[in-house]
Number of protein chains: 4
Amino acid sequence: MSRNIQVSRLDRRAVEDQEVEIVERKGIGHPDSICDGLAESVSRALSQLYLDRVGKVLHYNTDETQLVAGRAAPAFGGGEVVEPIYVLIVGRATKEYEGRQLPVDSTALAAAREYLGEALPELEYGTDIVVDVRLGEGSGDLQDVFGEETQEVPMANDTSFGVGHAPLTETETIVRETERELNTTYYADHPELGPDVKVMGKREGDRIDITVAAAMVDAYIADLEEYDDAVGNVREFVTDLAESHTDRDINVDVNTADDYEEGSIYLTVTGTSAEQGDDGSVGRGNRANGLITPNRPMSMEATSGKNPVNHIGKIYNLLSTHVAETVTDEVDGIRDLQVRLLSQIGRPIDEPHVADAQIVTEDDVELSAIEDEVVAIVDDELADVTGVTRRVIDGDVSTF
Amino acid sequence: MSRNIQVSRLDRRAVEDQEVEIVERKGIGHPDSICDGLAESVSRALSQLYLDRVGKVLHYNTDETQLVAGRAAPAFGGGEVVEPIYVLIVGRATKEYEGRQLPVDSTALAAAREYLGEALPELEYGTDIVVDVRLGEGSGDLQDVFGEETQEVPMANDTSFGVGHAPLTETETIVRETERELNTTYYADHPELGPDVKVMGKREGDRIDITVAAAMVDAYIADLEEYDDAVGNVREFVTDLAESHTDRDINVDVNTADDYEEGSIYLTVTGTSAEQGDDGSVGRGNRANGLITPNRPMSMEATSGKNPVNHIGKIYNLLSTHVAETVTDEVDGIRDLQVRLLSQIGRPIDEPHVADAQIVTEDDVELSAIEDEVVAIVDDELADVTGVTRRVIDGDVSTF
Amino acid sequence: MSRNIQVSRLDRRAVEDQEVEIVERKGIGHPDSICDGLAESVSRALSQLYLDRVGKVLHYNTDETQLVAGRAAPAFGGGEVVEPIYVLIVGRATKEYEGRQLPVDSTALAAAREYLGEALPELEYGTDIVVDVRLGEGSGDLQDVFGEETQEVPMANDTSFGVGHAPLTETETIVRETERELNTTYYADHPELGPDVKVMGKREGDRIDITVAAAMVDAYIADLEEYDDAVGNVREFVTDLAESHTDRDINVDVNTADDYEEGSIYLTVTGTSAEQGDDGSVGRGNRANGLITPNRPMSMEATSGKNPVNHIGKIYNLLSTHVAETVTDEVDGIRDLQVRLLSQIGRPIDEPHVADAQIVTEDDVELSAIEDEVVAIVDDELADVTGVTRRVIDGDVSTF
Amino acid sequence: MSRNIQVSRLDRRAVEDQEVEIVERKGIGHPDSICDGLAESVSRALSQLYLDRVGKVLHYNTDETQLVAGRAAPAFGGGEVVEPIYVLIVGRATKEYEGRQLPVDSTALAAAREYLGEALPELEYGTDIVVDVRLGEGSGDLQDVFGEETQEVPMANDTSFGVGHAPLTETETIVRETERELNTTYYADHPELGPDVKVMGKREGDRIDITVAAAMVDAYIADLEEYDDAVGNVREFVTDLAESHTDRDINVDVNTADDYEEGSIYLTVTGTSAEQGDDGSVGRGNRANGLITPNRPMSMEATSGKNPVNHIGKIYNLLSTHVAETVTDEVDGIRDLQVRLLSQIGRPIDEPHVADAQIVTEDDVELSAIEDEVVAIVDDELADVTGVTRRVIDGDVSTF
């Protein structure tokens with residue numbers, strides 16, 4: 001078997017060298033990310049359920065969660081949710097196998113509750129947020145195709161496309177790390193920061209503007225002064241963080257839409273704008289690498305919630321990102337790498353129609369000098385395609 | 001002011017003396033009772049919310065909860081819910097008062113969660129049961145009428161009818177006590193008994209048949225033998241209880257639909273048949289006195305969930321029962337008493353169109369000898385009509 | 001086989017001779033009746049579907065429809081629905097039979113649409129009213145019992161109770177005919193009258209008060225004067241109708257809650273109060289004979305939507321009414337007749353535990369003189385118990 | 001006022017000249033496109049409602065429709081839908097303005113019904129598909145910002161990004177035209193073709209593979225032979241169409257997943273896979289120009305359903321596409337043009353932070369020779385930014 005692996009020069013400048021760059025990340029508490037997170041946690045729980053009960057993952061897809069925003073009345077010192085957020089978990093799942101009923105609905109709800117408890121600790125399950133579920137039976141066709149999975153590597157059942165890239169640019173790194181650090185390190189000492197942190201990075205030449213919209217939690221903020229301090233602390237933290245990743249000029253804005261005189265500030269009860277008017281759904285926010293990067297090719301496929309065993313779009317998006325990262329980790333001299341995987345219907349998914357690594361090398365590096373090394377790594381990673389599935393089920397990979 | 005109180009001879013035998021008597025009680029875990037209980041607990045919570053926030057009870061009615069049954073896979077030692085029960089709390093509520101938002105949806109859900117936690121401890125909120133809420137704004141008309149409540153006693157806004165009776169017959173007493181004692185005293189030592197206990201009493205002459213359908217909880221029952229013991233224990237307990245209330249012949253049947261050979265037994269995961277195919281709704285089960293008594297006049301009005309301040313049907317059903325009990329407590333010589341209250345639109349509710357006490361006296365008692373006493377008590381109780389409202393809000397009165 | 005048929009003297013006065021009588025009928029456009037009508041039309045459609053596809057009626061029950069009121073802005077000359085009415089059809093149905101899928105959900109929705117088109121012609125399906133459906137699979141137990149239906153007459157699967165009476169009193173007749181005639185004869189010439197007509201009759205001695213609440217349809221009413229005419233026309237029509245049924249004094253009130261000065265009138269867009277704040281559900285309104293009669297024993301069982309083949313409560317309520325009517329049609333000298341049927345678990349439903357005809361005869365008639373005739377009729381009707389099922393499926397019997 | 005318009009050389013080859021190109025279009029009957037179409041038609045209806053009632057477009061967003069697939073039993077000659085498709089229209093809308101109620105829910109449902117009637121004529125509204133609506137009130141913040149709209153050109157309320165390009169490559173043209181022509185010209189003579197036509201184009205060098213998945217409607221197909229003919233006819237039509245747009249090698253595959261021996265074919269009752277297991281939501285499919293083009297930068301923003309007056313992402317995505325098309329229409333010598341618009345919070349939207357036209361010229365054309373012309377056109381189009389809003393409301397622009 002030979003995999004159709006192509007290495008070529010990327011016919012553009014590295015994104016790092018382009019004049020204008022735009023990058024965005026919706027934090028885990030953003031309504032779209034809540035849906036991504038729910039969809040993926042339900043997916044993991046169903047995979048685990050199937051493995052526990054029947055020894056293999058059966059057909060399902062849970063990539064269609066819809067969130068309908070609630071209404072809230074935030075107030076300094078602690079307000080309240082007035083109308084709960086409503087979430088409908090939508091998808092397909094196998095509910096019966098060899099005469100045995102499988103508790104897919106209850107499992108989905110339990111996974112949702114657990115996920116929300118971790119991701120949005122201020123949100124009380126069942127009163128601040130109502131979660132309902134509509135998991136239908138899958139289409140017969142897909143079940144047929146899926147029945148063939150007794151082979152080691154599943155067959156591609158669709159023409160699908162995945163794309164990944166590495167390394168991250170400075171702006172990408174800053175945007176991603178800003179959200180991550182705010183929601184972990186910073187949050188540990190600042191409970192007033194809600195998880196709905198949206199970060200936009202815009203670079204023009206050597207100036208990077210970072211715009212953060214951060215939902216503050218009212219219970220931890222006594223008055224406008226404390227709110228202003230909270231905003232200032234975020235600005236300071238992000239500025240320090242950004243400067244540790246670049247020598248470019250950094251400008252950080254936090255909650256720019258605030259108008260203190262009008263009394264219009266970003267204060268919430270639960271730490272997410274879903275409590276007041278912002279709806280959400282799966283696959284509308286971050287791509288599989290956690291970012292929205294209009295300077296780069298992106299797949300429209302929703303990765304979260306898809307079946308990690310047989311959904312070729314999910315697997316190829318995660319795998320192409322993984323391949324790109326591995327190559328740039330192991331091979332020197334790469335300034336920008338873009339990996340594309342295109343499936344071939346009816347062939348095992350470790351034999352893509354095209355596996356395409358496009359590279360911008362460092363100025364002093366010839367493509368030919370690293371080509372073989374790149375091909376070898378891509379080949380290895382494709383050979384281990386089922387490793388993606390395993391890591392997804394184990395929860396070791398983030399999908400949004 | 002004179003209240004139109006009439007006392008007359010009831011033109012039939014006392015129910016206790018009739019040849020055939022039928023009585024039923026659906027236990028607190030029955031799907032219809034779950035809905036009654038939810039509706040009433042939501043009602044109490046809204047009353048309290050309004051009192052806390054605006055100092056008076058605003059317009060609402062929450063008497064339309066619908067329960068859609070789930071699916072379950074019970075098993076000796078512990079099975080699981082496969083598809084959750086779905087509950088939709090329906091009704092009207094005032095969501096805004098003088099520019100201030102009132103969290104009626106969240107309050108309703110919190111009340112539902114708390115009630116279910118107490119009434120159905122084996123049912124996990126949010127996974128075994130999903131509760132959603134649709135509380136709309138009330139109709140303008142009703143809000144108008146309700147606006148007049150600044151007077152002490154509200155005006156009747158509808159022609160409505162309430163009926164109560166006392167004392168309970170032996171059969172009624174046994175049916176009511178059977179469910180209550182099973183779900184309290186007996187349950188304390190027998191966690192295998194679920195709250196979905198349905199009791200039917202049928203008396204023909206001096207023989208009383210008590211039929212109990214009792215949902216057993218699988219986690220506490222290891223095998224068929226233990227199940228059979230559990231059924232036997234209930235039978236024994238109910239037989240003893242019944243015999244303590246009567247000298248008539250007693251026959252008790254428990255879970256008569258069981259068929260051990262077919263493996264068809266009344267085993268549940270959560271202690272309610274709502275987990276597997278039995279839907280429920282408000283006002284379809286027990287009347288305000290906790291019983292279904294086809295031998296007696298009954299009001300069709302759902303009592304649970306109605307606004308206790310201005311819903312004349314709720315108030316009159318509870319009040320007529322209360323009046324009947326008070327009269328028979330305080331006046332000797334009454335074998336059967338039926339109290340009817342009929343409202344008069346546009347008049348204060350303590351001035352009913354008719355307050356009608358119909359009595360079967362003991363053989364040696366003349367109606368005329370007790371008439372004045374009865375009138376006096378009825379008059380007192382009507383004067384304290386707002387006491388019903390208060391007791392309902394405080395949770396001191398059961399409505400189903 | 002001998003049926004346990006008992007004839008006895010009813011131990012009370014005929015209702016016609018009692019001092020106070022209360023009767024109510026909720027018209028077909030009342031929110032509770034809408035639910036009853038939907039539940040029963042869905043039931044008929046499912047029966048027919050099963051007969052067409054598999055030659056026999058499979059297990060189902062659709063007696064739990066819930067209606068959530070909408071919001072409307074009526075206006076002289078024609079207003080609009082602002083927020084649609086929401087209806088959830090709830091129940092159990094067999095969705096697969098011998099490997100063949102049965103379109104129960106689509107059939108239920110089609111039946112609902114057709115029924116609403118007839119009963120509420122001003123209500124536009126899909127925009128003024130949204131109908132959704134949740135029909136789960138039935139419980140295993142019931143399916144077992146139902147499997148035995150290959151016998152001619154099904155077995156009773158529950159202890160259940162039905163009660164019927166005849167003839168109607170004058171007040172009952174007037175209340176029933178008022179709603180029926182308003183919604184047919186009168187409506188034919190008066191499109192401004194909506195189907196939500198609620199009629200309450202109250203008789204004290206020889207005076208009958210008829211209170212009608214009639215929803216007027218705004219598109220046919222240009223101004224307050226026309227509204228006042230419309231109300232007056234209803235009053236006149238009902239007065240004439242009532243007087244044709246009795247020599248007692250008649251007083252008719254229509255839309256008594258109106259307050260012209262406050263601009264508070266009973267004007268609607270669609271002819272039902274469900275458009276604005278009045279929720280509804282099955283089994284909360286009229287009993288199987290179309291009336292609510294607190295002077296008489298009533299069954300709490302919802303008749304509408306129940307399976308007419310095997311639901312003993314439905315069958316016995318309809319049958320007892322039918323038996324009572326047949327007896328009073330054929331036997332002279334009966335002033336009041338009450339028929340009760342009580343099922344016996346595990347016996348064919350044409351062999352009730354008790355079939356009990358209680359009679360108040362005319363003054364000059366001895367019970368013994370008609371007893372045999374009554375027994376014979378009851379026996380015949382019981383023998384034809386499956387005729388009830390047939391008439392229900394054919395739509396020849398009203399259930400509310 | 002000077003708009004910040006930049007023209008530069010695009011730092012990559014024209015997509016037409018790249019080695020591998022992938023293009024996709026989901027037809028109007030695809031579940032995701034159904035959601036896009038519903039969201040946009042609801043949006044147009046609300047805009048029109050607001051214009052009619054209050055003279056200006058109020059705050060709303062309806063970009064979150066969720067479709068839950070149904071179940072169907074297709075059969076040669078005509079099968080049936082077994083379980084209806086369920087659609088939940090989600091979003092925010094202003095329901096009251098200056099004390100006047102606005103029928104946003106009913107308007108949304110009416111628009112949905114009308115749209116579905118046109119786009120999916122085989123799908124019966126209310127039985128094959130149930131549409132429900134949850135439109136909440138918007139967040140206070142957005143309403144504030146929107147209050148400033150009395151100015152001619154609204155202010156940007158968010159940092160948002162739009163991207164458009166022109167001209168289409170051959171592959172893009174073929175993919176777009178294939179779907180459009182199949183669903184119009186071809187459909188006119190071939191009612192067996194359902195609107196759920198998904199087209200994927202893959203070009204490697206000078207070979208273009210077009211893969212079509214076309215849902216066939218069973219009522220018009222008598223047997224497998226007719227089905228095979230139907231597939232063959234589509235293949236032939238698409239091949240002819242494609243060859244009229246290119247001299248490259250064309251290969252067309254239709255319904256490649258079919259397996260005649262297994263009886264697995266793409267037969268449907270209603271012409272969409274939503275009837276059987278394929279869920280859908282807004283913004284997951286085609287971008288604003290009707291295509292998915294991973295070779296080009298794309299915005300993640302859902303365009304359909306967004307408010308066309310003030311949603312900067314929607315306006316900029318449509319406008320950038322419109323600008324690109326206008327420029328390439330009017331200026332010769334452009335091989336590939338990419339227009340990016342980036343908003344500036346708090347500035348009028350006709351003054352973007354960056355308006356950036358990147359160009360690959362024809363070999364014989366200097367960028368400097370056309371630069372001024374391009375700037376002038378971009379400037380004109382930006383000046384007419386409100387024309388986008390107008391065209392969207394009039395339905396003259398497709399958003400997916």
# chains A, B, ... in the order shown; residues from 1 in each chain; ligands from 1
call {"tool": "interface_residues", "arguments": {"of": "chain C", "to": "chain B", "cutoff": "6 Å", "atoms": "only C-alpha atoms", "output": "ChimeraX atom specification"}}
result
/C:11-12,138-139,276-277,294-295,297-298
call {"tool": "select_by_dssp", "arguments": {"residues": "region 69-222 of chain B", "states": "helix (DSSP H, G or I)", "output": "ChimeraX atom specification"}}
result
/B:104-119,140-147,170-189,218-220
call {"tool": "select_by_dssp", "arguments": {"residues": "region 137-296 of chain D", "states": "strand (DSSP E or B)", "output": "PyMOL selection string"}}
result
chain D and resi 155+161-166+193-204+207-217+249-254+259+264+267-268+280-281+292
call {"tool": "residues_around", "arguments": {"residues": "region 317-319 of chain C", "least_positions_apart": "2", "cutoff": "8 Å", "atoms": "only C-alpha atoms", "output": "MDAnalysis selection string"}}
result
chainID C and resid 161:164 288:289 299 303 313:315 321:323 381 385 388 399
call {"tool": "closest_residue", "arguments": {"among": "B:Ser106, B:Glu80, B:Val87, B:Ser41", "to": "Val130 (chain B)", "atoms": "only C-alpha atoms"}}
result
B:Val87
call {"tool": "atom_distance", "arguments": {"atom1": "CA of Val269 (chain A)", "atom2": "CA of Pro74 (chain A)"}}
result
5.1 Å
call {"tool": "residues_around", "arguments": {"residues": "His30 (chain D)", "least_positions_apart": "2", "cutoff": "9 Å", "atoms": "only C-alpha atoms", "output": "list of chain:residue names"}}
result
D:Lys26, D:Gly27, D:Ile28, D:Asp32, D:Ser33, D:Ile34, D:Cys35, D:Pro195, D:Asp196, D:Val197, D:Lys198, D:Thr272, D:Ser273, D:Ala274, D:Asp278, D:Gly280, D:Gly285
call {"tool": "decode", "arguments": {"residues": "region 46-75 of chain D", "atoms": "N, CA and C atoms", "output": "PDB file, in the first residue's frame"}}
result
ATOM      1  N   LEU D  46     -39.768  39.501   9.126  1.00  0.00           N
ATOM      2  CA  LEU D  46     -39.752  40.388  10.295  1.00  0.00           C
ATOM      3  C   LEU D  46     -39.363  41.810   9.896  1.00  0.00           C
ATOM      4  N   SER D  47     -38.373  41.922   9.024  1.00  0.00           N
ATOM      5  CA  SER D  47     -38.011  43.264   8.539  1.00  0.00           C
ATOM      6  C   SER D  47     -39.235  43.951   7.947  1.00  0.00           C
ATOM      7  N   GLN D  48     -39.944  43.220   7.119  1.00  0.00           N
ATOM      8  CA  GLN D  48     -41.110  43.795   6.456  1.00  0.00           C
ATOM      9  C   GLN D  48     -42.201  44.136   7.476  1.00  0.00           C
ATOM     10  N   LEU D  49     -42.393  43.238   8.444  1.00  0.00           N
ATOM     11  CA  LEU D  49     -43.379  43.520   9.492  1.00  0.00           C
ATOM     12  C   LEU D  49     -43.056  44.823  10.206  1.00  0.00           C
ATOM     13  N   TYR D  50     -41.799  44.969  10.585  1.00  0.00           N
ATOM     14  CA  TYR D  50     -41.419  46.180  11.325  1.00  0.00           C
ATOM     15  C   TYR D  50     -41.588  47.417  10.444  1.00  0.00           C
ATOM     16  N   LEU D  51     -41.177  47.310   9.187  1.00  0.00           N
ATOM     17  CA  LEU D  51     -41.338  48.463   8.287  1.00  0.00           C
ATOM     18  C   LEU D  51     -42.816  48.827   8.153  1.00  0.00           C
ATOM     19  N   ASP D  52     -43.645  47.816   7.991  1.00  0.00           N
ATOM     20  CA  ASP D  52     -45.077  48.084   7.818  1.00  0.00           C
ATOM     21  C   ASP D  52     -45.704  48.704   9.070  1.00  0.00           C
ATOM     22  N   ARG D  53     -45.296  48.199  10.224  1.00  0.00           N
ATOM     23  CA  ARG D  53     -45.978  48.617  11.443  1.00  0.00           C
ATOM     24  C   ARG D  53     -45.380  49.870  12.099  1.00  0.00           C
ATOM     25  N   VAL D  54     -44.057  49.945  12.110  1.00  0.00           N
ATOM     26  CA  VAL D  54     -43.472  51.070  12.836  1.00  0.00           C
ATOM     27  C   VAL D  54     -42.526  51.899  11.979  1.00  0.00           C
ATOM     28  N   GLY D  55     -42.418  51.557  10.713  1.00  0.00           N
ATOM     29  CA  GLY D  55     -41.666  52.410   9.802  1.00  0.00           C
ATOM     30  C   GLY D  55     -40.161  52.216   9.820  1.00  0.00           C
ATOM     31  N   LYS D  56     -39.685  51.324  10.662  1.00  0.00           N
ATOM     32  CA  LYS D  56     -38.254  51.029  10.673  1.00  0.00           C
ATOM     33  C   LYS D  56     -38.030  49.615  11.196  1.00  0.00           C
ATOM     34  N   VAL D  57     -36.876  49.079  10.862  1.00  0.00           N
ATOM     35  CA  VAL D  57     -36.575  47.709  11.277  1.00  0.00           C
ATOM     36  C   VAL D  57     -36.089  47.719  12.715  1.00  0.00           C
ATOM     37  N   LEU D  58     -36.752  46.975  13.565  1.00  0.00           N
ATOM     38  CA  LEU D  58     -36.342  46.901  14.965  1.00  0.00           C
ATOM     39  C   LEU D  58     -35.341  45.769  15.160  1.00  0.00           C
ATOM     40  N   HIS D  59     -34.863  45.681  16.361  1.00  0.00           N
ATOM     41  CA  HIS D  59     -33.854  44.669  16.656  1.00  0.00           C
ATOM     42  C   HIS D  59     -34.390  43.244  16.526  1.00  0.00           C
ATOM     43  N   TYR D  60     -33.687  42.406  15.831  1.00  0.00           N
ATOM     44  CA  TYR D  60     -33.969  40.976  15.821  1.00  0.00           C
ATOM     45  C   TYR D  60     -32.780  40.239  15.227  1.00  0.00           C
ATOM     46  N   ASN D  61     -32.705  38.964  15.484  1.00  0.00           N
ATOM     47  CA  ASN D  61     -31.802  38.039  14.799  1.00  0.00           C
ATOM     48  C   ASN D  61     -32.479  36.685  14.802  1.00  0.00           C
ATOM     49  N   THR D  62     -32.525  36.049  13.674  1.00  0.00           N
ATOM     50  CA  THR D  62     -33.201  34.745  13.593  1.00  0.00           C
ATOM     51  C   THR D  62     -32.265  33.740  12.932  1.00  0.00           C
ATOM     52  N   ASP D  63     -31.039  33.748  13.371  1.00  0.00           N
ATOM     53  CA  ASP D  63     -30.025  32.941  12.678  1.00  0.00           C
ATOM     54  C   ASP D  63     -29.737  31.633  13.374  1.00  0.00           C
ATOM     55  N   GLU D  64     -30.730  31.085  14.095  1.00  0.00           N
ATOM     56  CA  GLU D  64     -30.385  29.880  14.861  1.00  0.00           C
ATOM     57  C   GLU D  64     -31.394  28.744  14.708  1.00  0.00           C
ATOM     58  N   THR D  65     -32.042  28.653  13.601  1.00  0.00           N
ATOM     59  CA  THR D  65     -32.986  27.554  13.372  1.00  0.00           C
ATOM     60  C   THR D  65     -32.315  26.182  13.500  1.00  0.00           C
ATOM     61  N   GLN D  66     -32.990  25.279  14.195  1.00  0.00           N
ATOM     62  CA  GLN D  66     -32.488  23.907  14.332  1.00  0.00           C
ATOM     63  C   GLN D  66     -33.487  22.935  13.728  1.00  0.00           C
ATOM     64  N   LEU D  67     -33.007  22.046  12.903  1.00  0.00           N
ATOM     65  CA  LEU D  67     -33.869  21.017  12.311  1.00  0.00           C
ATOM     66  C   LEU D  67     -33.514  19.650  12.889  1.00  0.00           C
ATOM     67  N   VAL D  68     -34.524  18.955  13.386  1.00  0.00           N
ATOM     68  CA  VAL D  68     -34.350  17.585  13.866  1.00  0.00           C
ATOM     69  C   VAL D  68     -34.991  16.658  12.825  1.00  0.00           C
ATOM     70  N   ALA D  69     -34.194  15.764  12.309  1.00  0.00           N
ATOM     71  CA  ALA D  69     -34.662  14.909  11.216  1.00  0.00           C
ATOM     72  C   ALA D  69     -35.839  14.040  11.627  1.00  0.00           C
ATOM     73  N   GLY D  70     -36.624  13.656  10.647  1.00  0.00           N
ATOM     74  CA  GLY D  70     -37.726  12.730  10.868  1.00  0.00           C
ATOM     75  C   GLY D  70     -37.346  11.308  10.504  1.00  0.00           C
ATOM     76  N   ARG D  71     -38.379  10.519  10.307  1.00  0.00           N
ATOM     77  CA  ARG D  71     -38.176   9.167   9.786  1.00  0.00           C
ATOM     78  C   ARG D  71     -39.173   8.966   8.657  1.00  0.00           C
ATOM     79  N   ALA D  72     -38.763   8.243   7.648  1.00  0.00           N
ATOM     80  CA  ALA D  72     -39.636   8.043   6.499  1.00  0.00           C
ATOM     81  C   ALA D  72     -39.505   6.623   5.982  1.00  0.00           C
ATOM     82  N   ALA D  73     -40.516   6.207   5.288  1.00  0.00           N
ATOM     83  CA  ALA D  73     -40.506   4.885   4.660  1.00  0.00           C
ATOM     84  C   ALA D  73     -40.762   5.065   3.163  1.00  0.00           C
ATOM     85  N   PRO D  74     -39.731   5.421   2.412  1.00  0.00           N
ATOM     86  CA  PRO D  74     -39.919   5.601   0.963  1.00  0.00           C
ATOM     87  C   PRO D  74     -40.209   4.268   0.288  1.00  0.00           C
ATOM     88  N   ALA D  75     -40.936   4.344  -0.805  1.00  0.00           N
ATOM     89  CA  ALA D  75     -41.274   3.131  -1.560  1.00  0.00           C
ATOM     90  C   ALA D  75     -41.526   3.533  -3.010  1.00  0.00           C
TER      91      ALA D  75
END
